[in-house]
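Below is target-v6.csv, which holds CSV, C-alpha atoms.
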chain,number,residue,atom,x,y,z
A,16,PRO,CA,-8.6,3.9,13.7
A,17,SER,CA,-8.7,7.1,11.8
A,18,PRO,CA,-11.6,9.6,12.2
A,19,ALA,CA,-12.6,8.7,8.6
A,20,MET,CA,-12.8,5.0,9.5
A,21,VAL,CA,-15.1,5.8,12.4
A,22,ALA,CA,-17.2,8.3,10.5
A,23,THR,CA,-18.2,5.9,7.8
A,24,PRO,CA,-20.0,3.2,10.0
A,25,ALA,CA,-21.3,5.9,12.3
A,26,ALA,CA,-23.1,7.6,9.4
A,27,ALA,CA,-24.4,4.3,8.2
A,28,VAL,CA,-25.8,3.5,11.7
A,29,ALA,CA,-27.5,7.0,11.8
A,30,LEU,CA,-29.3,6.2,8.6
A,31,GLY,CA,-30.4,2.7,9.8
A,32,PRO,CA,-33.3,1.5,12.0
A,33,SER,CA,-34.3,3.8,14.8
A,34,ALA,CA,-32.9,3.5,18.3
A,35,GLN,CA,-36.1,1.9,19.4
A,36,SER,CA,-35.5,-1.2,17.3
A,37,VAL,CA,-31.8,-1.6,17.5
A,38,ARG,CA,-28.9,0.0,19.5
A,39,PHE,CA,-25.8,-0.2,17.5
A,40,PRO,CA,-23.2,2.4,18.7
A,41,VAL,CA,-19.8,2.7,17.1
A,42,VAL,CA,-17.0,2.7,19.6
A,43,ALA,CA,-13.3,3.2,18.8
A,44,LEU,CA,-10.2,1.5,20.3
A,45,LEU,CA,-7.8,4.2,21.5
A,46,ARG,CA,-4.4,2.6,21.4
A,47,PRO,CA,-1.3,4.0,19.7
A,48,ALA,CA,0.2,1.9,16.9
A,49,GLY,CA,3.1,-0.2,18.0
A,50,GLU,CA,2.2,0.1,21.7
A,51,PRO,CA,3.5,-3.0,23.7
A,52,TRP,CA,1.2,-5.4,25.6
A,53,PRO,CA,0.4,-4.9,28.3
A,54,PRO,CA,0.3,-1.2,27.7
A,55,HIS,CA,2.2,1.0,30.1
A,56,THR,CA,2.6,4.7,30.8
A,57,THR,CA,5.5,7.0,31.7
A,58,ALA,CA,5.7,10.3,33.6
A,59,ASP,CA,5.8,12.2,30.2
A,60,VAL,CA,2.6,14.1,29.8
A,61,ARG,CA,3.0,14.3,26.0
A,62,PRO,CA,1.7,10.8,25.1
A,63,LEU,CA,-1.4,11.4,27.2
A,64,ASP,CA,-2.0,14.8,25.5
A,65,GLU,CA,-1.6,13.1,22.1
A,66,LEU,CA,-3.9,10.3,23.1
A,67,ALA,CA,-6.6,12.7,24.3
A,68,GLN,CA,-6.4,14.7,21.0
A,69,GLN,CA,-6.8,11.5,19.1
A,70,GLY,CA,-9.8,10.5,21.2
A,71,ARG,CA,-11.4,13.9,20.7
A,72,ARG,CA,-11.1,13.5,16.9
A,73,LEU,CA,-12.7,10.1,17.0
A,74,LEU,CA,-15.6,11.3,19.2
A,75,ALA,CA,-16.1,14.3,16.9
A,76,ALA,CA,-16.2,11.8,14.0
A,77,GLY,CA,-19.2,10.0,15.5
A,78,ALA,CA,-17.8,7.5,17.9
A,79,ARG,CA,-20.2,6.9,20.8
A,80,GLY,CA,-17.5,5.6,23.1
A,81,LEU,CA,-13.8,5.0,23.5
A,82,VAL,CA,-12.0,1.7,24.6
A,83,PHE,CA,-8.7,2.2,26.3
A,84,GLY,CA,-6.5,1.0,29.2
A,85,SER,CA,-2.9,1.4,30.4
A,86,LEU,CA,-0.9,0.4,33.5
A,87,ASP,CA,1.4,2.3,35.7
A,88,SER,CA,4.8,1.1,37.0
A,89,HIS,CA,3.0,-0.7,39.9
A,90,ARG,CA,0.9,-2.8,37.6
A,91,ARG,CA,-2.3,-0.9,38.4
A,92,LEU,CA,-4.5,1.0,36.0
A,93,ASP,CA,-3.0,4.4,35.4
A,94,GLU,CA,-5.5,6.7,37.2
A,95,ARG,CA,-4.4,9.9,35.3
A,96,HIS,CA,-4.9,8.3,31.9
A,97,THR,CA,-8.1,6.6,32.8
A,98,ARG,CA,-9.7,9.8,34.4
A,99,THR,CA,-8.6,12.0,31.5
A,100,LEU,CA,-10.1,9.7,28.8
A,101,ALA,CA,-13.2,9.0,30.8
A,102,ASP,CA,-13.8,12.7,31.3
A,103,LEU,CA,-13.3,13.2,27.6
A,104,CYS,CA,-16.0,10.6,26.9
A,105,ALA,CA,-18.4,12.4,29.4
A,106,GLU,CA,-17.8,15.7,27.5
A,107,TYR,CA,-19.3,14.0,24.4
A,108,ALA,CA,-22.0,12.0,26.2
A,109,ALA,CA,-20.1,8.9,25.2
A,110,GLU,CA,-19.2,5.8,27.1
A,111,ALA,CA,-15.8,4.9,28.5
A,112,THR,CA,-14.7,1.3,28.4
A,113,VAL,CA,-11.5,-0.2,29.9
A,114,HIS,CA,-10.1,-3.0,27.8
A,115,ARG,CA,-8.3,-6.2,28.9
A,116,ALA,CA,-5.3,-4.3,30.3
A,117,ILE,CA,-7.2,-4.6,33.6
A,118,GLU,CA,-6.5,-8.4,33.6
A,119,GLU,CA,-2.8,-7.7,33.4
A,120,CYS,CA,-2.9,-6.0,36.8
A,121,ASP,CA,-1.7,-7.8,39.9
A,122,ASP,CA,-5.2,-7.4,41.4
A,123,PRO,CA,-7.9,-7.1,38.8
A,124,ALA,CA,-10.7,-7.1,41.3
A,125,ALA,CA,-9.2,-4.2,43.2
A,126,GLU,CA,-8.9,-2.3,40.0
A,127,LEU,CA,-12.5,-3.0,39.1
A,128,CYS,CA,-13.6,-1.2,42.3
A,129,ARG,CA,-11.8,2.0,41.2
A,130,LEU,CA,-13.5,2.3,37.8
A,131,PRO,CA,-17.0,3.6,38.8
A,132,GLN,CA,-15.5,6.7,40.6
A,133,TRP,CA,-13.5,7.5,37.5
A,134,GLY,CA,-16.5,7.5,35.2
A,135,VAL,CA,-15.9,4.2,33.4
A,136,ARG,CA,-19.1,2.5,32.2
A,137,ARG,CA,-17.9,-0.9,30.7
A,138,VAL,CA,-15.0,-3.3,31.1
A,139,LEU,CA,-13.8,-6.1,28.9
A,140,LEU,CA,-13.2,-9.3,30.7
A,141,ALA,CA,-11.9,-12.7,29.5
A,142,GLY,CA,-10.9,-14.5,32.7
A,143,PHE,CA,-7.3,-14.7,31.7
A,144,PRO,CA,-4.5,-12.2,30.8
A,145,LEU,CA,-4.0,-11.7,27.1
A,146,SER,CA,-0.2,-11.9,27.7
A,147,GLN,CA,-0.7,-15.5,28.8
A,148,PRO,CA,-2.8,-17.0,25.9
A,149,HIS,CA,-2.2,-20.6,27.1
A,150,LEU,CA,-4.7,-19.8,30.0
A,151,ALA,CA,-7.5,-19.4,27.5
A,152,HIS,CA,-8.2,-23.1,27.9
A,153,ALA,CA,-7.5,-23.3,31.7
A,154,PRO,CA,-10.2,-25.2,33.6
A,155,ASP,CA,-10.7,-22.4,36.0
A,156,ARG,CA,-11.2,-19.7,33.4
A,157,ALA,CA,-15.0,-19.8,33.6
A,158,THR,CA,-14.8,-19.4,37.4
A,159,GLN,CA,-12.4,-16.5,37.2
A,160,LEU,CA,-14.6,-14.8,34.6
A,161,LEU,CA,-17.7,-15.3,36.8
A,162,GLU,CA,-16.0,-13.7,39.8
A,163,LEU,CA,-14.9,-10.7,37.9
A,164,ALA,CA,-18.2,-10.3,36.0
A,165,SER,CA,-20.2,-10.6,39.2
A,166,LEU,CA,-18.1,-7.9,40.9
A,167,ALA,CA,-18.4,-5.7,37.8
A,168,ALA,CA,-22.2,-6.1,37.9
A,169,GLU,CA,-22.3,-5.3,41.6
A,170,LEU,CA,-20.4,-2.1,40.8
A,171,ARG,CA,-23.0,-1.2,38.1
A,172,LEU,CA,-20.4,-1.7,35.4
A,173,ILE,CA,-21.3,-3.5,32.2
A,174,PRO,CA,-19.1,-6.7,31.9
A,175,ALA,CA,-18.3,-7.2,28.2
A,176,LEU,CA,-17.2,-10.9,28.1
A,177,CYS,CA,-14.5,-11.7,25.5
A,178,GLY,CA,-11.5,-13.8,24.6
A,179,GLY,CA,-12.0,-16.0,21.6
A,180,ILE,CA,-15.8,-16.3,22.1
A,181,ARG,CA,-17.5,-18.3,19.3
A,182,ALA,CA,-20.7,-20.3,18.9
A,183,ALA,CA,-18.8,-23.6,19.6
A,184,ASN,CA,-17.4,-22.5,23.0
A,185,VAL,CA,-19.7,-19.7,24.3
A,186,ARG,CA,-21.8,-22.0,26.6
A,187,HIS,CA,-18.7,-23.6,28.1
A,188,ILE,CA,-17.0,-20.3,28.8
A,189,LEU,CA,-19.9,-18.0,29.5
A,190,GLY,CA,-22.4,-20.6,30.9
A,191,PRO,CA,-21.7,-19.8,34.6
A,192,CYS,CA,-22.1,-16.0,34.0
A,193,LEU,CA,-25.3,-16.4,32.0
A,194,ASN,CA,-26.8,-18.7,34.6
A,195,SER,CA,-25.6,-17.0,37.8
A,196,LEU,CA,-25.6,-13.3,37.3
A,197,PRO,CA,-28.9,-11.6,38.3
A,198,ALA,CA,-31.5,-11.0,35.7
A,199,THR,CA,-31.1,-7.3,36.2
A,200,ALA,CA,-27.4,-7.4,35.3
A,201,ARG,CA,-26.6,-6.2,31.8
A,202,ILE,CA,-24.1,-8.5,30.0
A,203,GLU,CA,-22.4,-7.9,26.7
A,204,VAL,CA,-20.4,-10.4,24.6
A,205,HIS,CA,-17.4,-9.2,22.5
A,206,SER,CA,-16.4,-11.5,19.7
A,207,ALA,CA,-14.2,-10.9,16.6
A,208,CYS,CA,-16.2,-13.2,14.3
A,209,THR,CA,-13.9,-13.1,11.3
A,210,ASP,CA,-12.9,-15.6,8.6
A,211,ALA,CA,-9.4,-16.8,7.6
A,212,GLY,CA,-9.0,-13.6,5.6
A,213,GLY,CA,-9.7,-11.3,8.5
A,214,ARG,CA,-13.2,-10.3,7.1
A,215,LEU,CA,-16.4,-10.3,9.2
A,216,ASP,CA,-18.0,-13.7,9.0
A,217,ALA,CA,-21.8,-13.2,8.9
A,218,ALA,CA,-22.4,-17.0,9.4
A,219,ALA,CA,-20.2,-17.0,12.5
A,220,ILE,CA,-22.0,-13.9,13.9
A,221,THR,CA,-25.4,-15.5,13.3
A,222,ALA,CA,-24.4,-18.8,14.9
A,223,LEU,CA,-23.1,-17.0,18.0
A,224,LEU,CA,-26.3,-15.0,18.3
A,225,ASN,CA,-28.4,-18.2,17.9
A,226,GLU,CA,-26.4,-19.9,20.6
A,227,LEU,CA,-26.8,-17.0,23.0
A,228,GLN,CA,-30.6,-16.8,22.3
A,229,ARG,CA,-31.1,-20.4,23.5
A,230,SER,CA,-31.5,-19.1,27.0
A,231,ALA,CA,-30.5,-15.8,28.6
A,232,VAL,CA,-29.8,-13.2,25.9
A,233,PRO,CA,-27.0,-10.7,26.5
A,234,ASP,CA,-26.5,-7.7,24.2
Please lay out the structure from this file as structure tokens.
Amino acid sequence: PSPAMVATPAAAVALGPSAQSVRFPVVALLRPAGEPWPPHTTADVRPLDELAQQGRRLLAAGARGLVFGSLDSHRRLDERHTRTLADLCAEYAAEATVHRAIEECDDPAAELCRLPQWGVRRVLLAGFPLSQPHLAHAPDRATQLLELASLAAELRLIPALCGGIRAANVRHILGPCLNSLPATARIEVHSACTDAGGRLDAAAITALLNELQRSAVPD
């Protein structure tokens, strides 16, 4: 997004209810337009410099965190990119989140273990690679998601569970996580609740919240 796109909701949140009643930080996805999936990096330092400059502008505009992720030639998270952008977030007292690129790695669990030392706070997990959408309905998706989310919680990362989450399927997909993770673990749910026209769907958001509140309540 542009800095102006970030500044508008950030200003609206600042004028809204106090932090004591609601925590609603604006975060920005930092990914160049036209980048392939899964995202990958090269030895050229110029793209990273440009990405860091873009991230700095977004943070200065009011973003309270950046979401990013890229792989090296060995299908591991790119350490140089991750550290640079996580350090940038720390400079602005913002949170660093690694997105679903981590599930495109050959060993996502091993990559999870590297994130805390790099200053990453949160990780998006779906239980299947985005590049293989047919696995969204695989019978072992919930098990895979629980394994990754449990490891993330042990590492004191916040698992943000995602991947087509809606009121109709949230219990089926997230049930094991909601029932098995310790009560002290913080869980978040990431869902693009939009209508056919791509606009936010208030009814879908409310239905998802109501379904989550039937038992354990993640953020």
Handout entry: For atom CA of A:Pro53 and atom CA of A:Leu103, the interatomic separation in Å (one decimal)
Key = 22.7 Å
Practice task
Please provide the set of residues having any atom within 7 Å of stretch 170-179 of chain A, restricted to all atoms listed in the file, with same-chain residues fewer than 4 positions apart removed, written as a ChimeraX atom specification.
Solution key: /A:131,136-141,164,166,201-206
Expected file contents, prior selection, C-alpha atoms, as a PDB file, in the frame of the given file:
ATOM      1  CA  PRO A 131     -17.000   3.600  38.800  1.00  0.00           C
ATOM      2  CA  ARG A 136     -19.100   2.500  32.200  1.00  0.00           C
ATOM      3  CA  ARG A 137     -17.900  -0.900  30.700  1.00  0.00           C
ATOM      4  CA  VAL A 138     -15.000  -3.300  31.100  1.00  0.00           C
ATOM      5  CA  LEU A 139     -13.800  -6.100  28.900  1.00  0.00           C
ATOM      6  CA  LEU A 140     -13.200  -9.300  30.700  1.00  0.00           C
ATOM      7  CA  ALA A 141     -11.900 -12.700  29.500  1.00  0.00           C
ATOM      8  CA  ALA A 164     -18.200 -10.300  36.000  1.00  0.00           C
ATOM      9  CA  LEU A 166     -18.100  -7.900  40.900  1.00  0.00           C
ATOM     10  CA  ARG A 201     -26.600  -6.200  31.800  1.00  0.00           C
ATOM     11  CA  ILE A 202     -24.100  -8.500  30.000  1.00  0.00           C
ATOM     12  CA  GLU A 203     -22.400  -7.900  26.700  1.00  0.00           C
ATOM     13  CA  VAL A 204     -20.400 -10.400  24.600  1.00  0.00           C
ATOM     14  CA  HIS A 205     -17.400  -9.200  22.500  1.00  0.00           C
ATOM     15  CA  SER A 206     -16.400 -11.500  19.700  1.00  0.00           C
TER      16      SER A 206
END
Handout entry: Nearest-residue call for A:Glu126, choices A:Leu92, A:Ala168, A:Leu223, A:Leu63, using all atoms listed in the file
Key =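 Among A:Leu92, A:Ala168, A:Leu223, A:Leu63, it is A:Leu92 that comes nearest to A:Glu126.
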Handout entry: Which residue of A:Arg91, A:Arg72, A:Arg61, A:Arg46 approaches A:Pro18 most closely, using all atoms listed in the file
Key =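 Once distances to A:Pro18 are computed over all atoms listed in the file, the minimum belongs to A:Arg72.
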Exercise for the section: Go ahead and compute the interatomic distance for atom CA of A:Arg186 and atom CA of A:His152, in Å to one decimal. Expected result: 13.7 Å
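Take atom CA of A:Val82 and atom CA of A:Ala25: the distance between them is 16.0 Å.
You can rank A:Glu110, A:Arg98, A:Ala151, A:Asn225 by their closest distance to A:Gln132 using all atoms listed in the file, and at the top of that list sits A:Arg98.
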Exercise for the section: Write out as a ChimeraX atom specification the residues lying within 10 Å of A:Pro197, counting only C-alpha atoms and excluding same-chain residues fewer than 5 positions away. Expected result: /A:165,168-169,192
Kindly save the residues from that selection, with C-alpha atoms included, as a PDB file, in the coordinates of the input.
ATOM      1  CA  SER A 165     -20.200 -10.600  39.200  1.00  0.00           C
ATOM      2  CA  ALA A 168     -22.200  -6.100  37.900  1.00  0.00           C
ATOM      3  CA  GLU A 169     -22.300  -5.300  41.600  1.00  0.00           C
ATOM      4  CA  CYS A 192     -22.100 -16.000  34.000  1.00  0.00           C
TER       5      CYS A 192
END
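Residue nearest A:Asp87 within the list A:Ala105, A:Cys120, A:Leu100, A:Leu127: A:Cys120 [criterion: smallest interatomic distance, all atoms listed in the file].
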Handout entry: Polymer residues at most 12 Å from A:Leu45, only C-alpha atoms, same-chain spacing of 4 or more positions, as JSON, numbers by chain
Key = {"A": [16, 17, 18, 21, 50, 54, 63, 65, 66, 67, 68, 69, 70, 71, 72, 73, 74, 78, 80, 81, 82, 83, 84, 85, 96, 97, 100, 101, 104, 111, 112, 113, 114]}
Write out the residues from the selection above, keeping C-alpha atoms, as a short mmCIF file (atom, residue, chain, number, x, y, z; two decimals), in the frame of the given file.
data_model
loop_
_atom_site.label_atom_id
_atom_site.label_comp_id
_atom_site.auth_asym_id
_atom_site.auth_seq_id
_atom_site.Cartn_x
_atom_site.Cartn_y
_atom_site.Cartn_z
CA PRO A 16 -8.60 3.90 13.70
CA SER A 17 -8.70 7.10 11.80
CA PRO A 18 -11.60 9.60 12.20
CA VAL A 21 -15.10 5.80 12.40
CA GLU A 50 2.20 0.10 21.70
CA PRO A 54 0.30 -1.20 27.70
CA LEU A 63 -1.40 11.40 27.20
CA GLU A 65 -1.60 13.10 22.10
CA LEU A 66 -3.90 10.30 23.10
CA ALA A 67 -6.60 12.70 24.30
CA GLN A 68 -6.40 14.70 21.00
CA GLN A 69 -6.80 11.50 19.10
CA GLY A 70 -9.80 10.50 21.20
CA ARG A 71 -11.40 13.90 20.70
CA ARG A 72 -11.10 13.50 16.90
CA LEU A 73 -12.70 10.10 17.00
CA LEU A 74 -15.60 11.30 19.20
CA ALA A 78 -17.80 7.50 17.90
CA GLY A 80 -17.50 5.60 23.10
CA LEU A 81 -13.80 5.00 23.50
CA VAL A 82 -12.00 1.70 24.60
CA PHE A 83 -8.70 2.20 26.30
CA GLY A 84 -6.50 1.00 29.20
CA SER A 85 -2.90 1.40 30.40
CA HIS A 96 -4.90 8.30 31.90
CA THR A 97 -8.10 6.60 32.80
CA LEU A 100 -10.10 9.70 28.80
CA ALA A 101 -13.20 9.00 30.80
CA CYS A 104 -16.00 10.60 26.90
CA ALA A 111 -15.80 4.90 28.50
CA THR A 112 -14.70 1.30 28.40
CA VAL A 113 -11.50 -0.20 29.90
CA HIS A 114 -10.10 -3.00 27.80
#
Problem - For A:Leu163: contacts at 8 Å, all atoms listed in the file, fewer than 5 positions along chain excluded, given as a ChimeraX atom specification - result: /A:123-124,140,142
Exercise for the section: Name the closest residue to A:Val135 among the candidates A:Leu193, A:Ala27, A:Leu227, A:Ala167; distances are taken between atoms, counting only C-alpha atoms. Expected result: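 Comparing A:Leu193, A:Ala27, A:Leu227, A:Ala167 against A:Val135, the winner is A:Ala167.
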Exercise for the section: May I have the residues within 7 Å of A:Glu119 as a PyMOL selection string, using all atoms listed in the file and disregarding those fewer than 2 positions away in the same chain? Expected result: chain A and resi 53+116-117+121+144
Selected residues, C-alpha atoms, written as a PDB file, keeping the file's coordinate frame, please.
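Once written, again-v6.pdb looks like this:
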ATOM      1  CA  PRO A  53       0.400  -4.900  28.300  1.00  0.00           C
ATOM      2  CA  ALA A 116      -5.300  -4.300  30.300  1.00  0.00           C
ATOM      3  CA  ILE A 117      -7.200  -4.600  33.600  1.00  0.00           C
ATOM      4  CA  ASP A 121      -1.700  -7.800  39.900  1.00  0.00           C
ATOM      5  CA  PRO A 144      -4.500 -12.200  30.800  1.00  0.00           C
TER       6      PRO A 144
END
Handout entry: Nearest to A:Glu118, chosen from A:Ser146, A:Thr209, A:Thr99, A:Gln228, with only C-alpha atoms counted in the distances
Key =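 Comparing A:Ser146, A:Thr209, A:Thr99, A:Gln228 against A:Glu118, the winner is A:Ser146.
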